[in-house]
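A.B. asks: Sharing protein.cif (mmCIF, C-alpha atoms) below.
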```
data_query
#
loop_
_atom_site.label_atom_id
_atom_site.label_comp_id
_atom_site.auth_asym_id
_atom_site.auth_seq_id
_atom_site.Cartn_x
_atom_site.Cartn_y
_atom_site.Cartn_z
CA MET A 412 -110.09 -51.36 43.41
CA GLU A 413 -113.33 -52.76 44.78
CA THR A 414 -116.43 -50.55 45.12
CA LEU A 415 -119.58 -52.30 46.34
CA GLY A 416 -118.33 -55.46 44.65
CA TRP A 417 -117.17 -53.55 41.57
CA LYS A 418 -113.66 -53.68 40.19
CA VAL A 419 -112.70 -50.49 38.31
CA CYS A 420 -109.71 -50.50 35.96
CA VAL A 421 -108.36 -48.68 32.93
CA LEU A 422 -108.68 -50.23 29.48
CA LEU A 423 -107.24 -47.33 27.47
CA ALA A 424 -105.09 -44.82 29.33
CA GLY A 425 -105.95 -41.21 28.61
CA ASN A 426 -103.29 -38.84 27.34
CA TRP A 427 -103.12 -35.49 25.52
CA ARG A 428 -104.48 -37.05 22.30
CA THR A 429 -106.75 -39.91 23.36
CA ALA A 430 -109.41 -40.45 26.00
CA THR A 431 -109.55 -42.75 29.00
CA SER A 432 -111.66 -45.91 28.69
CA VAL A 433 -112.64 -47.70 31.89
CA LEU A 434 -113.96 -51.18 32.69
CA VAL A 435 -116.28 -51.61 35.67
CA SER A 436 -117.00 -55.21 36.59
CA ASN A 437 -118.48 -57.21 39.46
CA GLY A 438 -117.64 -60.59 37.94
CA LYS A 439 -121.13 -61.00 36.47
CA ARG A 440 -121.92 -57.62 34.93
CA HIS A 441 -119.38 -55.68 32.92
CA THR A 442 -119.64 -52.05 31.83
CA VAL A 443 -117.29 -50.01 29.65
CA ILE A 444 -117.24 -46.24 30.21
CA ASP A 445 -116.16 -44.42 27.02
CA THR A 446 -114.95 -46.47 24.09
CA GLY A 447 -112.34 -44.34 22.33
CA MET A 448 -111.58 -43.75 18.65
CA PRO A 449 -111.74 -46.20 15.72
CA HIS A 450 -107.97 -46.52 15.36
CA GLU A 451 -107.88 -47.73 18.98
CA ALA A 452 -110.43 -50.51 18.44
CA HIS A 453 -107.83 -53.27 18.41
CA LEU A 454 -106.27 -51.92 21.62
CA LEU A 455 -109.65 -51.86 23.32
CA LEU A 456 -110.38 -55.44 22.29
CA GLN A 457 -106.94 -56.57 23.42
CA ALA A 458 -107.45 -54.90 26.80
CA LEU A 459 -110.77 -56.70 27.24
CA GLU A 460 -109.15 -60.00 26.30
CA GLN A 461 -106.54 -59.44 29.01
CA HIS A 462 -109.46 -59.40 31.46
CA GLY A 463 -110.88 -62.57 29.95
CA LEU A 464 -113.73 -60.71 28.24
CA ARG A 465 -115.22 -60.53 24.76
CA VAL A 466 -117.49 -57.85 23.37
CA SER A 467 -120.45 -60.17 23.94
CA ASP A 468 -119.68 -60.13 27.68
CA ILE A 469 -120.20 -56.37 27.98
CA HIS A 470 -123.64 -55.66 29.40
CA SER A 471 -123.56 -51.90 28.93
CA ILE A 472 -121.63 -48.93 27.61
CA ILE A 473 -121.73 -45.52 29.27
CA ASN A 474 -120.63 -42.46 27.33
CA THR A 475 -119.66 -39.45 29.42
CA HIS A 476 -120.37 -37.52 26.21
CA PHE A 477 -120.32 -38.11 22.49
CA HIS A 478 -117.18 -36.42 21.27
CA ILE A 479 -115.17 -38.41 18.72
CA ASP A 480 -112.50 -39.55 21.16
CA HIS A 481 -114.99 -40.92 23.69
CA ALA A 482 -117.69 -42.76 21.74
CA LEU A 483 -116.68 -43.99 18.29
CA ASN A 484 -116.06 -47.61 19.27
CA ASN A 485 -119.60 -48.07 20.58
CA ALA A 486 -120.45 -50.04 17.45
CA LEU A 487 -118.03 -52.78 18.53
CA PHE A 488 -120.68 -53.75 21.10
CA PRO A 489 -123.89 -54.48 19.13
CA ASN A 490 -125.54 -56.37 21.98
CA SER A 491 -124.81 -53.87 24.74
CA LEU A 492 -127.10 -51.17 26.10
CA ILE A 493 -125.59 -47.72 25.60
CA TYR A 494 -126.21 -45.10 28.29
CA GLY A 495 -125.59 -41.40 27.87
CA SER A 496 -127.28 -38.06 27.70
CA GLN A 497 -129.51 -37.43 24.70
CA GLU A 498 -128.70 -33.75 25.08
CA SER A 499 -125.01 -34.49 24.66
CA CYS A 500 -125.57 -36.88 21.77
CA ASP A 501 -127.80 -34.49 19.81
CA TRP A 502 -125.49 -31.55 20.49
CA CYS A 503 -122.35 -33.40 19.37
CA CYS A 504 -124.02 -34.88 16.29
CA SER A 505 -125.19 -31.43 15.24
CA LEU A 506 -121.73 -29.97 15.85
CA TYR A 507 -119.98 -32.58 13.72
CA SER A 508 -122.53 -32.19 10.96
CA ASP A 509 -121.86 -28.45 10.85
CA LEU A 510 -118.09 -28.96 10.96
CA ARG A 511 -118.45 -30.81 7.65
CA ASP A 512 -119.91 -27.70 6.00
CA GLU A 513 -116.98 -26.59 3.85
CA GLN A 514 -118.17 -23.03 3.32
CA ARG A 515 -119.81 -22.08 6.61
CA TRP A 516 -118.25 -24.18 9.36
CA GLU A 517 -116.22 -21.36 10.93
CA LYS A 518 -119.41 -19.34 11.41
CA LEU A 519 -121.57 -22.30 12.42
CA VAL A 520 -119.17 -23.46 15.12
CA LEU A 521 -119.86 -20.26 17.05
CA ASN A 522 -123.35 -21.64 17.74
CA TYR A 523 -121.67 -24.31 19.87
CA TYR A 524 -118.66 -22.39 21.14
CA PRO A 525 -119.74 -18.77 21.56
CA GLU A 526 -116.70 -18.06 23.78
CA MET A 527 -114.08 -18.94 21.15
CA SER A 528 -112.73 -15.38 20.99
CA SER A 529 -111.65 -15.62 24.64
CA TYR A 530 -109.27 -18.53 23.91
CA ASP A 531 -105.84 -18.09 22.38
CA HIS A 532 -105.41 -19.97 19.10
CA ALA A 533 -108.93 -21.40 19.38
CA LEU A 534 -109.71 -21.22 15.66
CA GLU A 535 -106.38 -22.78 14.75
CA HIS A 536 -107.12 -25.56 17.23
CA MET A 537 -110.61 -26.00 15.78
CA HIS A 538 -109.12 -26.43 12.30
CA GLN A 539 -107.10 -29.37 13.61
CA LEU A 540 -110.14 -30.89 15.26
CA ARG A 541 -112.16 -30.45 12.09
CA LYS A 542 -109.62 -32.66 10.33
CA LEU A 543 -110.39 -35.38 12.85
CA THR A 544 -114.09 -34.89 12.16
CA LEU A 545 -113.64 -35.31 8.42
CA ARG A 546 -111.52 -38.41 8.95
CA TRP A 547 -113.41 -40.21 11.71
CA TRP A 548 -116.91 -38.94 12.33
CA ASP A 549 -119.63 -41.47 11.50
CA MET A 550 -122.88 -41.58 13.47
CA ASN A 551 -123.10 -45.34 12.86
CA ARG A 552 -120.08 -45.76 15.13
CA LEU A 553 -122.16 -44.53 18.07
CA GLY A 554 -124.15 -47.77 17.96
CA ALA A 555 -127.72 -48.41 16.85
CA ARG A 556 -130.35 -46.04 18.21
CA ALA A 557 -132.27 -49.02 19.58
CA GLN A 558 -129.35 -49.70 21.92
CA HIS A 559 -129.40 -46.24 23.50
CA ARG A 560 -130.91 -45.60 26.89
CA TRP A 561 -130.98 -41.86 27.54
CA ILE A 562 -130.20 -40.98 31.13
CA GLU A 563 -132.81 -38.22 31.03
CA GLN A 564 -135.46 -40.99 30.99
CA HIS A 565 -133.71 -44.09 32.28
CA GLY A 566 -130.89 -42.91 34.54
CA LEU A 567 -127.71 -44.98 34.72
CA PRO A 568 -127.62 -48.72 35.44
CA ASP A 569 -128.01 -49.78 39.07
CA GLY A 570 -124.86 -49.17 41.07
CA PHE A 571 -123.85 -46.00 39.23
CA GLU A 572 -124.51 -42.35 40.07
CA ALA A 573 -124.77 -39.67 37.38
CA LEU A 574 -123.00 -36.40 38.13
CA ILE A 575 -124.08 -33.83 35.55
CA THR A 576 -121.02 -31.81 34.51
CA SER A 577 -122.19 -29.81 31.53
CA GLY A 578 -119.46 -27.21 31.06
CA HIS A 579 -117.52 -29.23 28.48
CA VAL A 580 -120.63 -30.04 26.43
CA PRO A 581 -124.31 -29.74 27.37
CA GLY A 582 -125.44 -32.96 29.04
CA HIS A 583 -121.93 -34.23 29.86
CA VAL A 584 -122.14 -36.80 32.67
CA SER A 585 -119.43 -37.95 35.04
CA VAL A 586 -119.98 -41.43 36.47
CA VAL A 587 -119.64 -42.20 40.17
CA ILE A 588 -119.37 -45.78 41.39
CA PRO A 589 -120.28 -45.34 45.07
CA ASP A 590 -118.53 -46.89 48.03
CA GLY A 591 -118.22 -45.75 51.62
CA ALA A 592 -114.44 -46.17 51.67
CA GLN A 593 -113.24 -45.07 48.23
CA PRO A 594 -115.66 -44.34 45.39
CA ALA A 595 -114.53 -44.11 41.79
CA ILE A 596 -115.29 -41.05 39.69
CA VAL A 597 -114.96 -41.46 35.93
CA ALA A 598 -114.94 -37.77 35.10
CA GLY A 599 -114.66 -37.73 31.32
CA ASP A 600 -113.77 -34.25 30.12
CA ALA A 601 -115.22 -32.55 33.18
CA PHE A 602 -111.71 -33.15 34.52
CA LEU A 603 -109.28 -33.33 31.62
CA SER A 604 -106.06 -33.79 33.57
CA ARG A 605 -104.33 -32.82 36.78
CA ALA A 606 -102.34 -30.14 34.90
CA ASN A 607 -101.51 -28.83 31.41
CA ASN A 608 -105.08 -28.83 30.12
CA ASP A 609 -104.04 -26.52 27.28
CA ARG A 610 -101.96 -29.30 25.72
CA ILE A 611 -104.88 -31.69 25.36
CA LEU A 612 -106.23 -32.12 21.84
CA THR A 613 -109.93 -31.76 22.56
CA MET A 614 -112.66 -29.19 22.15
CA ILE A 615 -112.63 -26.04 24.30
CA PRO A 616 -115.40 -25.92 26.92
CA HIS A 617 -118.84 -24.98 25.75
CA ASN A 618 -119.14 -22.85 28.90
CA ARG A 619 -115.89 -21.81 30.54
CA VAL A 620 -117.35 -20.81 33.90
CA GLN A 621 -119.37 -24.00 34.23
CA ALA A 622 -116.37 -26.10 33.17
CA ALA A 623 -114.35 -24.59 36.03
CA ARG A 624 -117.20 -25.35 38.43
CA ASP A 625 -117.38 -28.92 37.15
CA ARG A 626 -113.67 -29.42 37.73
CA GLU A 627 -114.01 -28.14 41.30
CA MET A 628 -117.05 -30.38 41.83
CA VAL A 629 -114.99 -33.40 40.86
CA LEU A 630 -112.06 -32.31 43.03
CA ALA A 631 -114.41 -31.91 45.99
CA ARG A 632 -115.10 -35.66 45.82
CA HIS A 633 -113.09 -38.16 47.80
CA GLY A 634 -111.99 -41.25 45.92
CA ARG A 635 -110.26 -42.51 42.81
CA ILE A 636 -110.60 -40.00 39.97
CA PHE A 637 -110.27 -41.09 36.35
CA PRO A 638 -109.66 -37.95 34.24
CA GLY A 639 -110.62 -37.88 30.59
CA HIS A 640 -107.02 -37.42 29.42
CA ASP A 641 -104.68 -38.38 32.22
CA LEU A 642 -103.77 -41.19 34.59
CA ASP A 643 -106.09 -41.91 37.50
CA PHE A 644 -105.21 -40.76 40.99
CA THR A 645 -106.54 -40.88 44.55
CA ASN A 646 -108.13 -37.64 45.72
CA SER A 647 -108.47 -36.75 49.42
CA PRO A 648 -109.88 -33.21 49.57
CA ASN A 649 -110.21 -33.19 53.37
CA SER A 650 -106.80 -34.61 54.18
CA ASP A 651 -105.16 -31.24 54.93
#
```
Would you mind writing the structure in this file as C-alpha cells?
C.D. replies:
Amino acid sequence: METLGWKVCVLLAGNWRTATSVLVSNGKRHTVIDTGMPHEAHLLLQALEQHGLRVSDIHSIINTHFHIDHALNNALFPNSLIYGSQESCDWCCSLYSDLRDEQRWEKLVLNYYPEMSSYDHALEHMHQLRKLTLRWWDMNRLGARAQHRWIEQHGLPDGFEALITSGHVPGHVSVVIPDGAQPAIVAGDAFLSRANNDRILTMIPHNRVQAARDREMVLARHGRIFPGHDLDFTNSPNSD
C-alpha cells in the first residue's frame, strides 16, 4: 500500500500473544513501528532481510508505547532514532520495576491499574504478565537514552501524524501515515483486535472509559488499520 510515497507492510503479525510490528518505507527512509519481544528478534531480522534491509538501514523506530511486547527489540537498532512518548516510557518503566517487588507488587500495581477490581480474573492475569516481566524486562532493550526523541518535544518524523490514544497506557500514541485515498493507522494497543479482546495476553487498560473512546476514535478513521494484536484490515466508516 502506498501512502504519500510510503509503503506500509507487516513485519511481525500480531496475535493474542505477540504484537504487530510494521515497516514504513519510501525507498530511501525506513521506519519500524514497534519492535516486539526478544524471542522474536530473529523473526524481525528475517522479515527485514526479506525486504532487502539490514538494521543499519532503519532510520527510525516508533514505539506506540513501551510495554514488553512492543519495544524490547529496540536495542537491535543502535543507530536509529527512537520516537515515543516519554510519559509512556516512564510509566511503563516504573510499572515493571514495581512488578519485580516480590513482597509488594500486588499492592503497587494498583497505582497503575486502579480499575483492576472491575475486571474478571484481572489479578490472575497480572500474575501471568508478571512472569513475563521477570523473564524479559530489561530497560537496556529499549535502546540507549541518547537515541530517544520524545514526541512531547520533537513530534514524530515528517510524514507521520501522532494520534494520542492514552486509555491503554498514559501517553500511548497511534501512528497515522496520511494519504488522501487510504491512510494507514498503526493503532498499537489502542485497538487490540477486531474481536475477542479478552483473549489477548496484554495488560488491561489503564483507563477503561478512555480505552473505549480510543477504539472508537480509531474506528472513525478511514483507511488501513493495523491493530496491536490482529491482522490489518481496511476500514470504511462512512460506507453504509
A.B. asks: Which polymer residues have any atom within 10 Å of an atom of His462 (chain A), counting only C-alpha atoms, with same-chain residues fewer than 4 positions away left out, as a short mmCIF file (atom, residue, chain, number, x, y, z; two decimals) with C-alpha atoms, in the coordinates of the input?
C.D. replies:
```
data_model
loop_
_atom_site.label_atom_id
_atom_site.label_comp_id
_atom_site.auth_asym_id
_atom_site.auth_seq_id
_atom_site.Cartn_x
_atom_site.Cartn_y
_atom_site.Cartn_z
CA CYS A 420 -109.71 -50.50 35.96
CA LEU A 422 -108.68 -50.23 29.48
CA LEU A 434 -113.96 -51.18 32.69
CA GLN A 457 -106.94 -56.57 23.42
CA ALA A 458 -107.45 -54.90 26.80
#
```
A.B. asks: Starting from the displayed file, determine the output of the PyMOL selection byres ((chain A and resi 526-535) around 10) and express the residue list as a list in words.
C.D. replies: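 With the shown file as input, the PyMOL selection byres ((chain A and resi 526-535) around 10) matches Glu517, Val520, Leu521, Asn522, Tyr523, Tyr524, Pro525, His536, Met537, His538, Gln539, Leu540, Arg541, Asp609, Met614, Ile615, Pro616, His617, Asn618 and Arg619 of chain A.
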A.B. asks: Please provide as a compact mmCIF listing (two decimals) with C-alpha atoms, in the coordinates of the input all residues within 10 Å of region 575-579 of chain A, with the sequence filter that same-chain residues fewer than 2 positions apart are discarded (counting only C-alpha atoms).
C.D. replies:
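What landed in selection-v7.txt:
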```
# COMPACT_ATOMS: atom_id res chain seq x y z
CA THR A 475 -119.66 -39.45 29.42
CA HIS A 476 -120.37 -37.52 26.21
CA SER A 496 -127.28 -38.06 27.70
CA GLU A 498 -128.70 -33.75 25.08
CA SER A 499 -125.01 -34.49 24.66
CA GLU A 572 -124.51 -42.35 40.07
CA ALA A 573 -124.77 -39.67 37.38
CA PRO A 581 -124.31 -29.74 27.37
CA GLY A 582 -125.44 -32.96 29.04
CA HIS A 583 -121.93 -34.23 29.86
CA VAL A 584 -122.14 -36.80 32.67
CA SER A 585 -119.43 -37.95 35.04
CA VAL A 586 -119.98 -41.43 36.47
CA ALA A 598 -114.94 -37.77 35.10
CA GLY A 599 -114.66 -37.73 31.32
CA ASP A 600 -113.77 -34.25 30.12
CA ALA A 601 -115.22 -32.55 33.18
CA PHE A 602 -111.71 -33.15 34.52
CA LEU A 603 -109.28 -33.33 31.62
CA THR A 613 -109.93 -31.76 22.56
CA MET A 614 -112.66 -29.19 22.15
CA ILE A 615 -112.63 -26.04 24.30
CA PRO A 616 -115.40 -25.92 26.92
CA HIS A 617 -118.84 -24.98 25.75
CA ASN A 618 -119.14 -22.85 28.90
CA ARG A 619 -115.89 -21.81 30.54
CA VAL A 620 -117.35 -20.81 33.90
CA GLN A 621 -119.37 -24.00 34.23
CA ALA A 622 -116.37 -26.10 33.17
CA ALA A 623 -114.35 -24.59 36.03
CA ARG A 624 -117.20 -25.35 38.43
CA ASP A 625 -117.38 -28.92 37.15
CA ARG A 626 -113.67 -29.42 37.73
CA MET A 628 -117.05 -30.38 41.83
CA VAL A 629 -114.99 -33.40 40.86
```
A.B. asks: If the PyMOL selection byres ((chain A and resi 437) around 12) were run on this exact file, what residues would it hold? Put them as an mmCIF file with C-alpha atoms, keeping the file's coordinate frame.
C.D. replies:
```cif
data_model
loop_
_atom_site.group_PDB
_atom_site.id
_atom_site.type_symbol
_atom_site.label_atom_id
_atom_site.label_comp_id
_atom_site.auth_asym_id
_atom_site.auth_seq_id
_atom_site.Cartn_x
_atom_site.Cartn_y
_atom_site.Cartn_z
ATOM 1 C CA MET A 412 -110.090 -51.360 43.410
ATOM 2 C CA GLU A 413 -113.330 -52.760 44.780
ATOM 3 C CA THR A 414 -116.430 -50.550 45.120
ATOM 4 C CA LEU A 415 -119.580 -52.300 46.340
ATOM 5 C CA GLY A 416 -118.330 -55.460 44.650
ATOM 6 C CA TRP A 417 -117.170 -53.550 41.570
ATOM 7 C CA LYS A 418 -113.660 -53.680 40.190
ATOM 8 C CA VAL A 419 -112.700 -50.490 38.310
ATOM 9 C CA CYS A 420 -109.710 -50.500 35.960
ATOM 10 C CA LEU A 434 -113.960 -51.180 32.690
ATOM 11 C CA VAL A 435 -116.280 -51.610 35.670
ATOM 12 C CA SER A 436 -117.000 -55.210 36.590
ATOM 13 C CA GLY A 438 -117.640 -60.590 37.940
ATOM 14 C CA LYS A 439 -121.130 -61.000 36.470
ATOM 15 C CA ARG A 440 -121.920 -57.620 34.930
ATOM 16 C CA HIS A 441 -119.380 -55.680 32.920
ATOM 17 C CA THR A 442 -119.640 -52.050 31.830
ATOM 18 C CA ILE A 469 -120.200 -56.370 27.980
ATOM 19 C CA HIS A 470 -123.640 -55.660 29.400
ATOM 20 C CA GLY A 570 -124.860 -49.170 41.070
ATOM 21 C CA ILE A 588 -119.370 -45.780 41.390
#
```
A.B. asks: Apply the PyMOL selection byres ((chain A and resi 431) around 9) to the displayed file and report the matching residues as a list in words.
C.D. replies: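 When the PyMOL selection byres ((chain A and resi 431) around 9) is applied to the shown file, the picked residues are Val421, Leu422, Leu423, Ala424, Gly425, Asn426, Thr429, Ala430, Ser432, Val433, Ile444, Asp445, Thr446, Gly447, Asp480, His481, Val597, Gly599, Phe637, Pro638, Gly639, His640, Asp641 and Leu642 of chain A.
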A.B. asks: Just to confirm, what's the straight-line distance from CA of Arg635 (chain A) to CA of Gly495 (chain A) in Å (one decimal)?
C.D. replies: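 Those two atoms sit 21.4 Å apart.
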A.B. asks: Quick one: of A:Phe644, A:Trp427, A:Phe488, A:Tyr494, who's nearest to His559 (chain A), counting only C-alpha atoms?
C.D. replies: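 Of A:Phe644, A:Trp427, A:Phe488, A:Tyr494, the one nearest His559 (chain A) is A:Tyr494, counting only C-alpha atoms.
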A.B. asks: When you count only C-alpha atoms, which of these residues is closest to Leu545 (chain A): A:Leu510, A:Ala486, A:Leu459, A:Ile473?
C.D. replies: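 Nearest candidate to Leu545 (chain A) out of A:Leu510, A:Ala486, A:Leu459, A:Ile473: A:Leu510.
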A.B. asks: Which region 467-514 of chain A residues have any atom within 9 Å of an atom of region 550-556 of chain A, and for each, what is the nearest pair of atoms with distance in Å to one decimal, counting only C-alpha atoms, rows sorted by chain and number, as JSON lines?
C.D. replies:
```
{"residue": "A:Phe477", "atom": "CA", "partner": "A:Leu553", "partner_atom": "CA", "distance": 8.0}
{"residue": "A:Ala482", "atom": "CA", "partner": "A:Leu553", "partner_atom": "CA", "distance": 6.0}
{"residue": "A:Leu483", "atom": "CA", "partner": "A:Arg552", "partner_atom": "CA", "distance": 5.0}
{"residue": "A:Asn484", "atom": "CA", "partner": "A:Arg552", "partner_atom": "CA", "distance": 6.1}
{"residue": "A:Asn485", "atom": "CA", "partner": "A:Leu553", "partner_atom": "CA", "distance": 5.0}
{"residue": "A:Ala486", "atom": "CA", "partner": "A:Gly554", "partner_atom": "CA", "distance": 4.4}
{"residue": "A:Leu487", "atom": "CA", "partner": "A:Gly554", "partner_atom": "CA", "distance": 7.9}
{"residue": "A:Phe488", "atom": "CA", "partner": "A:Gly554", "partner_atom": "CA", "distance": 7.6}
{"residue": "A:Pro489", "atom": "CA", "partner": "A:Gly554", "partner_atom": "CA", "distance": 6.8}
{"residue": "A:Ile493", "atom": "CA", "partner": "A:Gly554", "partner_atom": "CA", "distance": 7.8}
{"residue": "A:Cys504", "atom": "CA", "partner": "A:Met550", "partner_atom": "CA", "distance": 7.4}
```
A.B. asks: Of the candidates A:Glu460, A:Asp549, A:Asp468, A:Asp590, which one gets nearest to Cys503 (chain A) if we count only C-alpha atoms?
C.D. replies: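 Answer, going by the shortest atom-to-atom distance: A:Asp549.
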A.B. asks: So how far away is CA of Val443 (chain A) from CA of Ser467 (chain A), in Å?
C.D. replies: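 That distance, rounded to one decimal, is 12.1 Å.
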A.B. asks: Here is a test: counting only C-alpha atoms, which residue of A:Trp548, A:Ser491, A:Met448, A:Pro648 is nearest to Leu506 (chain A)?
C.D. replies: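 Comparing A:Trp548, A:Ser491, A:Met448, A:Pro648 against Leu506 (chain A), the winner is A:Trp548.
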A.B. asks: As an exercise, work out the distance from CA of Trp561 (chain A) to CA of Gln593 (chain A) in Å and give it to one decimal place.
C.D. replies: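 A separation of 27.4 Å between them.
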A.B. asks: Can you pull out every residue within 9 Å of Asn646 (chain A), counting all atoms listed in the file, but drop anything in the same chain fewer than 3 positions away, and send it as a PyMOL selection string?
C.D. replies: chain A and resi 630-636
A.B. asks: Compare A:Phe571, A:Tyr507, A:Trp502, A:Trp516 by their minimum atom-to-atom distance to Ser471 (chain A), counting all atoms listed in the file, and give me the closest one.
C.D. replies: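 The closest residue to Ser471 (chain A) is A:Phe571.
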